[in-house]
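Dropping query.cif in here (mmCIF, C-alpha atoms):
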data_final
loop_
_atom_site.label_atom_id
_atom_site.label_comp_id
_atom_site.auth_asym_id
_atom_site.auth_seq_id
_atom_site.Cartn_x
_atom_site.Cartn_y
_atom_site.Cartn_z
CA ALA V 28 0.00 0.00 0.00
CA PRO V 29 1.31 3.49 -0.77
CA VAL V 30 2.54 5.34 2.30
CA LEU V 31 2.62 9.13 2.60
CA GLN V 32 4.07 11.24 5.43
CA SER V 33 1.75 13.80 6.99
CA ARG V 34 3.33 17.28 7.02
CA ARG V 35 0.65 18.96 9.13
CA ALA V 36 0.96 16.88 12.28
CA ALA V 37 3.28 18.22 14.97
CA GLN V 38 4.70 14.70 15.23
CA PRO V 39 5.16 13.07 11.82
CA TYR V 40 2.74 10.29 11.03
CA TYR V 41 2.50 7.95 8.06
CA ILE V 42 -0.73 7.51 6.12
CA ALA V 43 -1.37 4.05 4.67
CA VAL V 44 -3.92 3.93 1.84
CA LEU V 45 -5.58 0.52 2.02
CA PRO V 46 -7.80 -0.64 -0.89
CA HIS V 47 -11.00 -2.73 -0.69
CA PRO V 48 -12.54 -0.74 0.90
CA LEU V 49 -10.47 2.41 0.60
CA THR V 50 -9.42 3.59 4.05
CA LEU V 51 -6.86 5.97 5.49
CA THR V 52 -4.96 4.87 8.58
CA LEU V 53 -2.43 6.87 10.59
CA PHE V 54 0.64 5.05 11.88
CA PRO V 55 3.28 6.75 14.07
CA PRO V 56 6.80 6.34 12.72
CA VAL V 57 9.00 3.57 14.12
CA PRO V 58 11.37 5.17 16.64
CA LEU V 59 14.91 5.38 15.38
CA HIS V 60 16.28 3.47 18.36
CA THR V 61 14.28 0.39 17.37
CA ARG V 62 15.76 0.40 13.88
CA MET V 63 19.40 0.77 14.89
CA SER V 64 21.45 -1.41 17.19
CA SER V 65 23.04 0.11 20.26
CA ALA V 66 26.51 -0.36 18.83
CA ALA V 67 25.57 1.38 15.58
CA LYS V 68 24.66 4.50 17.55
CA ASP V 69 27.57 4.25 19.97
CA PRO V 70 31.05 4.20 18.42
CA LYS V 71 32.59 3.40 21.81
CA LEU V 72 30.37 0.34 22.20
CA HIS V 73 31.22 -0.78 18.67
CA ALA V 74 34.93 -0.40 19.45
CA ALA V 75 34.47 -2.40 22.64
CA HIS V 76 32.73 -5.18 20.70
CA GLN V 77 35.53 -5.23 18.15
CA ALA V 78 38.09 -5.60 20.94
CA ILE V 79 36.14 -8.53 22.40
CA LEU V 80 35.87 -10.27 19.02
CA LYS V 81 39.59 -9.75 18.40
CA SER V 82 40.43 -11.31 21.75
CA LEU V 83 38.14 -14.29 21.03
CA LEU V 84 39.75 -14.84 17.63
CA ALA V 85 43.15 -14.86 19.31
CA LEU V 86 42.21 -17.96 21.33
CA PRO V 87 43.74 -21.16 19.88
CA GLU V 88 40.37 -22.91 19.57
CA ASN V 89 38.98 -20.01 17.51
CA SER V 90 42.00 -19.59 15.24
CA LEU V 91 40.61 -22.10 12.72
CA CYS V 92 37.26 -22.30 10.95
CA ALA V 93 34.88 -24.41 13.03
CA ASP V 94 33.89 -26.49 9.99
CA CYS V 95 36.74 -26.81 7.47
CA LEU V 96 39.62 -25.83 9.82
CA ALA V 97 40.88 -23.10 7.49
CA PRO V 98 43.12 -20.61 9.36
CA ARG V 99 42.19 -17.05 10.37
CA PRO V 100 38.37 -17.14 10.30
CA ARG V 101 36.83 -13.69 10.00
CA TRP V 102 33.12 -14.54 10.04
CA ALA V 103 30.88 -15.99 12.72
CA SER V 104 27.48 -17.50 13.40
CA THR V 105 26.14 -15.42 16.26
CA ASN V 106 23.54 -17.92 17.45
CA LEU V 107 25.59 -21.10 16.95
CA GLY V 108 28.58 -19.37 18.52
CA VAL V 109 31.22 -20.43 15.98
CA PHE V 110 33.89 -18.62 13.98
CA LEU V 111 34.01 -19.39 10.26
CA CYS V 112 35.99 -18.81 7.09
CA ILE V 113 34.30 -16.88 4.30
CA GLU V 114 33.53 -20.03 2.28
CA CYS V 115 31.80 -21.82 5.15
CA SER V 116 29.96 -18.64 6.14
CA GLY V 117 28.25 -18.80 2.74
CA PHE V 118 26.97 -22.31 3.48
CA HIS V 119 25.73 -21.15 6.87
CA ARG V 120 23.72 -18.40 5.20
CA LYS V 121 21.98 -21.08 3.13
CA LEU V 122 20.82 -22.80 6.32
CA GLY V 123 18.58 -19.83 7.11
CA THR V 124 18.74 -17.42 10.02
CA HIS V 125 16.57 -19.73 12.15
CA ILE V 126 19.61 -22.03 12.28
CA SER V 127 22.61 -19.77 11.69
CA THR V 128 22.88 -15.97 11.68
CA VAL V 129 26.12 -14.91 10.00
CA ARG V 130 28.05 -11.73 10.78
CA SER V 131 31.47 -10.43 9.85
CA THR V 132 33.77 -10.02 12.83
CA SER V 133 35.17 -6.80 11.40
CA LEU V 134 32.68 -5.35 8.90
CA ASP V 135 29.35 -5.76 10.69
CA THR V 136 27.89 -4.18 13.80
CA TRP V 137 27.09 -6.60 16.61
CA THR V 138 24.46 -6.25 19.31
CA PRO V 139 25.35 -6.75 22.99
CA ALA V 140 23.26 -9.94 23.01
CA GLN V 141 25.24 -11.37 20.08
CA ILE V 142 28.54 -10.58 21.79
CA THR V 143 27.37 -12.21 25.02
CA ALA V 144 26.25 -15.34 23.16
CA ILE V 145 29.50 -15.90 21.30
CA GLN V 146 31.54 -15.19 24.44
CA ALA V 147 29.65 -18.01 26.14
CA ARG V 148 30.30 -20.44 23.28
CA GLY V 149 33.06 -20.46 20.67
CA ASN V 150 34.54 -23.20 18.52
CA ALA V 151 35.60 -25.45 21.41
CA TRP V 152 32.06 -25.46 22.80
CA ALA V 153 30.58 -26.13 19.35
CA LYS V 154 33.01 -28.98 18.68
CA ALA V 155 32.06 -30.65 21.95
CA ARG V 156 28.36 -30.38 21.08
CA TYR V 157 28.06 -30.72 17.31
CA GLU V 158 30.94 -33.17 16.76
CA ALA V 159 30.54 -35.28 19.89
CA CYS V 160 29.77 -38.42 17.86
CA MET V 161 31.91 -37.66 14.81
CA PRO V 162 33.90 -40.82 13.95
CA GLN V 163 37.65 -41.01 14.27
CA GLY V 164 39.37 -40.51 10.93
CA PHE V 165 36.57 -38.30 9.65
CA SER V 166 37.52 -36.76 6.31
CA ARG V 167 36.53 -33.10 6.28
CA PRO V 168 35.67 -31.73 2.84
CA ASP V 169 37.55 -28.76 1.44
CA PRO V 170 35.00 -26.03 0.65
CA ARG V 171 37.29 -24.62 -2.03
CA SER V 172 37.53 -27.85 -4.02
CA ASN V 173 34.32 -29.68 -3.10
CA ALA V 174 31.56 -27.23 -2.18
CA TYR V 175 28.88 -29.90 -2.56
CA ARG V 176 30.34 -32.15 0.14
CA MET V 177 31.06 -29.18 2.39
CA GLU V 178 27.48 -27.95 2.25
CA ARG V 179 26.26 -31.45 3.04
CA MET V 180 28.59 -31.72 6.02
CA ILE V 181 27.45 -28.38 7.43
CA ARG V 182 23.79 -29.35 7.01
CA ASP V 183 24.47 -32.71 8.69
CA LYS V 184 26.30 -30.99 11.51
CA TYR V 185 23.89 -28.18 12.37
CA GLU V 186 20.57 -28.87 10.63
CA ARG V 187 20.28 -32.65 11.11
CA LYS V 188 22.53 -32.70 14.21
CA LEU V 189 24.00 -35.94 12.93
CA TRP V 190 26.90 -35.93 15.40
CA VAL V 191 25.09 -34.45 18.40
CA THR V 192 24.47 -37.02 21.13
CA LYS V 193 20.99 -38.48 21.40
CA ALA V 194 20.83 -37.20 24.97
CA GLU V 195 21.03 -33.67 23.55
CA GLY V 196 18.48 -34.26 20.81
CA GLY V 197 20.82 -35.36 18.01
CA LEU V 198 21.16 -38.51 15.94
CA GLY V 199 24.18 -39.78 17.83
CA GLY V 200 26.16 -40.37 14.65
CA GLU V 201 23.62 -42.82 13.23
CA SER V 202 22.55 -42.34 9.62
CA SER V 203 20.89 -44.75 7.25
CA ALA V 204 23.45 -46.46 5.03
CA SER V 205 20.95 -46.51 2.16
CA GLU V 206 19.71 -42.94 2.51
CA PRO V 207 20.54 -40.84 -0.58
CA ILE V 208 22.62 -37.89 0.56
CA HIS V 209 20.88 -35.40 -1.72
CA HIS V 210 17.35 -36.33 -0.65
CA ARG V 211 17.77 -35.92 3.08
CA THR V 212 17.19 -32.23 3.71
CA SER V 213 14.89 -29.67 2.18
CA GLY V 214 16.74 -26.82 0.53
CA PHE V 215 19.83 -28.91 -0.11
CA ALA V 216 21.19 -28.46 -3.61
CA PRO V 217 21.12 -31.56 -5.86
CA PRO V 218 24.43 -33.25 -6.66
CA PRO V 219 26.42 -32.35 -9.76
CA PRO V 220 25.35 -34.16 -12.96
CA GLY V 221 26.63 -37.72 -12.99
CA ALA V 222 27.44 -37.79 -9.28
CA PRO V 223 26.81 -41.24 -7.76
CA VAL V 224 24.14 -41.67 -5.09
CA VAL V 225 26.02 -42.84 -2.01
CA SER V 226 25.17 -43.19 1.64
CA SER V 227 25.87 -40.45 4.16
CA ASN V 228 28.64 -42.42 5.88
CA ALA V 229 30.37 -43.55 2.72
CA ALA V 230 30.37 -40.02 1.35
CA TYR V 231 32.63 -38.85 4.20
CA GLY V 232 35.20 -41.59 3.76
CA TYR V 233 34.51 -43.75 6.81
CA ASN V 234 32.59 -46.94 7.49
CA ALA V 235 28.97 -46.94 8.56
CA GLY V 236 29.93 -48.49 11.84
CA GLY V 237 31.91 -45.45 12.96
CA PRO V 238 35.14 -45.71 14.95
#
Just give me the structure of the file as structure tokens.
Amino acid sequence: APVLQSRRAAQPYYIAVLPHPLTLTLFPPVPLHTRMSSAAKDPKLHAAHQAILKSLLALPENSLCADCLAPRPRWASTNLGVFLCIECSGFHRKLGTHISTVRSTSLDTWTPAQITAIQARGNAWAKARYEACMPQGFSRPDPRSNAYRMERMIRDKYERKLWVTKAEGGLGGESSASEPIHHRTSGFAPPPPGAPVVSSNAAYGYNAGGP
């Protein structure tokens, strides 16, 4: 609906013209403080957040991407609490913000709640939770040479919770040996033309029985 700003009101209001039937409704403008984060308005707070993120990235457990182990991650999932390389951050965006909300550690503004969440977690915490049942000898895909396998691993890890313990609501490392890897999750891209249909376990280079 077209929206016009009233110039006569002492406090600006917005007029929404709604068809069927035609009506005029006045809506007060959204306060600026609800549209901007605290850090965006406060340079000192933003600088403080940047210092915290820098200190977290300096920790040994956060010096590698949580998924592919590439060095010097500069992105993060604020709700999962992990630091990521730029390639893996792209796969996290495809999961949807209900699973992973991606921010740059240097380019984006963070809210105090996001800073608090990632301080409480980090890559070591995520490894203990999301890779608790990952088999020994697991072959991690390289997102730069095999994006298809990397996306599947990230979906298995965070969306399906394949390696989360059953006590914490995961699959405990159990996956059907006959389940086609590209039919498991909605939104997952189909395999490249001619790619064989293999089981989840075989695709990662380890036996279905685990370690």
Find the distance between CA of Lys154 in chain V and CA of Ile79 in chain V and write it in Å to one decimal.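 Pair CA of Lys154 in chain V / CA of Ile79 in chain V returns 21.0 Å.
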When the PyMOL selection byres ((chain V and resi 115-127) around 12) is applied to the file above, which residues end up in the set, as a short mmCIF file (atom, residue, chain, number, x, y, z; two decimals) with C-alpha atoms, keeping the file's coordinate frame?
data_model
loop_
_atom_site.label_atom_id
_atom_site.label_comp_id
_atom_site.auth_asym_id
_atom_site.auth_seq_id
_atom_site.Cartn_x
_atom_site.Cartn_y
_atom_site.Cartn_z
CA LEU V 91 40.61 -22.10 12.72
CA CYS V 92 37.26 -22.30 10.95
CA ALA V 93 34.88 -24.41 13.03
CA ASP V 94 33.89 -26.49 9.99
CA CYS V 95 36.74 -26.81 7.47
CA LEU V 96 39.62 -25.83 9.82
CA ALA V 97 40.88 -23.10 7.49
CA PRO V 100 38.37 -17.14 10.30
CA ARG V 101 36.83 -13.69 10.00
CA TRP V 102 33.12 -14.54 10.04
CA ALA V 103 30.88 -15.99 12.72
CA SER V 104 27.48 -17.50 13.40
CA THR V 105 26.14 -15.42 16.26
CA ASN V 106 23.54 -17.92 17.45
CA LEU V 107 25.59 -21.10 16.95
CA GLY V 108 28.58 -19.37 18.52
CA VAL V 109 31.22 -20.43 15.98
CA PHE V 110 33.89 -18.62 13.98
CA LEU V 111 34.01 -19.39 10.26
CA CYS V 112 35.99 -18.81 7.09
CA ILE V 113 34.30 -16.88 4.30
CA GLU V 114 33.53 -20.03 2.28
CA THR V 128 22.88 -15.97 11.68
CA VAL V 129 26.12 -14.91 10.00
CA ARG V 130 28.05 -11.73 10.78
CA SER V 131 31.47 -10.43 9.85
CA THR V 132 33.77 -10.02 12.83
CA PRO V 168 35.67 -31.73 2.84
CA ASP V 169 37.55 -28.76 1.44
CA PRO V 170 35.00 -26.03 0.65
CA ARG V 171 37.29 -24.62 -2.03
CA ASN V 173 34.32 -29.68 -3.10
CA ALA V 174 31.56 -27.23 -2.18
CA TYR V 175 28.88 -29.90 -2.56
CA ARG V 176 30.34 -32.15 0.14
CA MET V 177 31.06 -29.18 2.39
CA GLU V 178 27.48 -27.95 2.25
CA ARG V 179 26.26 -31.45 3.04
CA MET V 180 28.59 -31.72 6.02
CA ILE V 181 27.45 -28.38 7.43
CA ARG V 182 23.79 -29.35 7.01
CA ASP V 183 24.47 -32.71 8.69
CA LYS V 184 26.30 -30.99 11.51
CA TYR V 185 23.89 -28.18 12.37
CA GLU V 186 20.57 -28.87 10.63
CA ARG V 187 20.28 -32.65 11.11
CA LYS V 188 22.53 -32.70 14.21
CA THR V 212 17.19 -32.23 3.71
CA SER V 213 14.89 -29.67 2.18
CA GLY V 214 16.74 -26.82 0.53
CA PHE V 215 19.83 -28.91 -0.11
CA ALA V 216 21.19 -28.46 -3.61
#
Interatomic distance, CA of Gln146 in chain V to CA of Ser90 in chain V (Å, one decimal):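 These atoms are spaced 14.6 Å apart.
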For a quick check of understanding, using all atoms listed in the file, which of V:Asn150, V:Gln141, V:Thr136, V:Ser172 has the smallest distance to Asp69 in chain V?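 Under the stated criterion, the closest residue is V:Thr136.
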Suppose you want the space between CA of Gly149 in chain V and CA of Gln77 in chain V; what is it in Å? 15.6 Å
Selection in question (the file shown): the PyMOL selection byres ((chain V and resi 200) around 10). Which residues does it include, as a list in words?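 Matching residues under the PyMOL selection byres ((chain V and resi 200) around 10) are Glu158, Ala159, Cys160, Met161, Pro162, Asp183, Lys184, Lys188, Leu189, Trp190, Val191, Thr192, Lys193, Gly197, Leu198, Gly199, Glu201, Ser202, Asn228, Ala235, Gly236 and Gly237 of chain V.
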Enclosing box along x, y and z for every listed atom of range 128-144 of chain V, padded 8 Å each side, centre and size in Å, one decimal, as JSON:
{"center_x": 29.0, "center_y": -10.1, "center_z": 17.0, "size_x": 28.3, "size_y": 27.8, "size_z": 32.1}
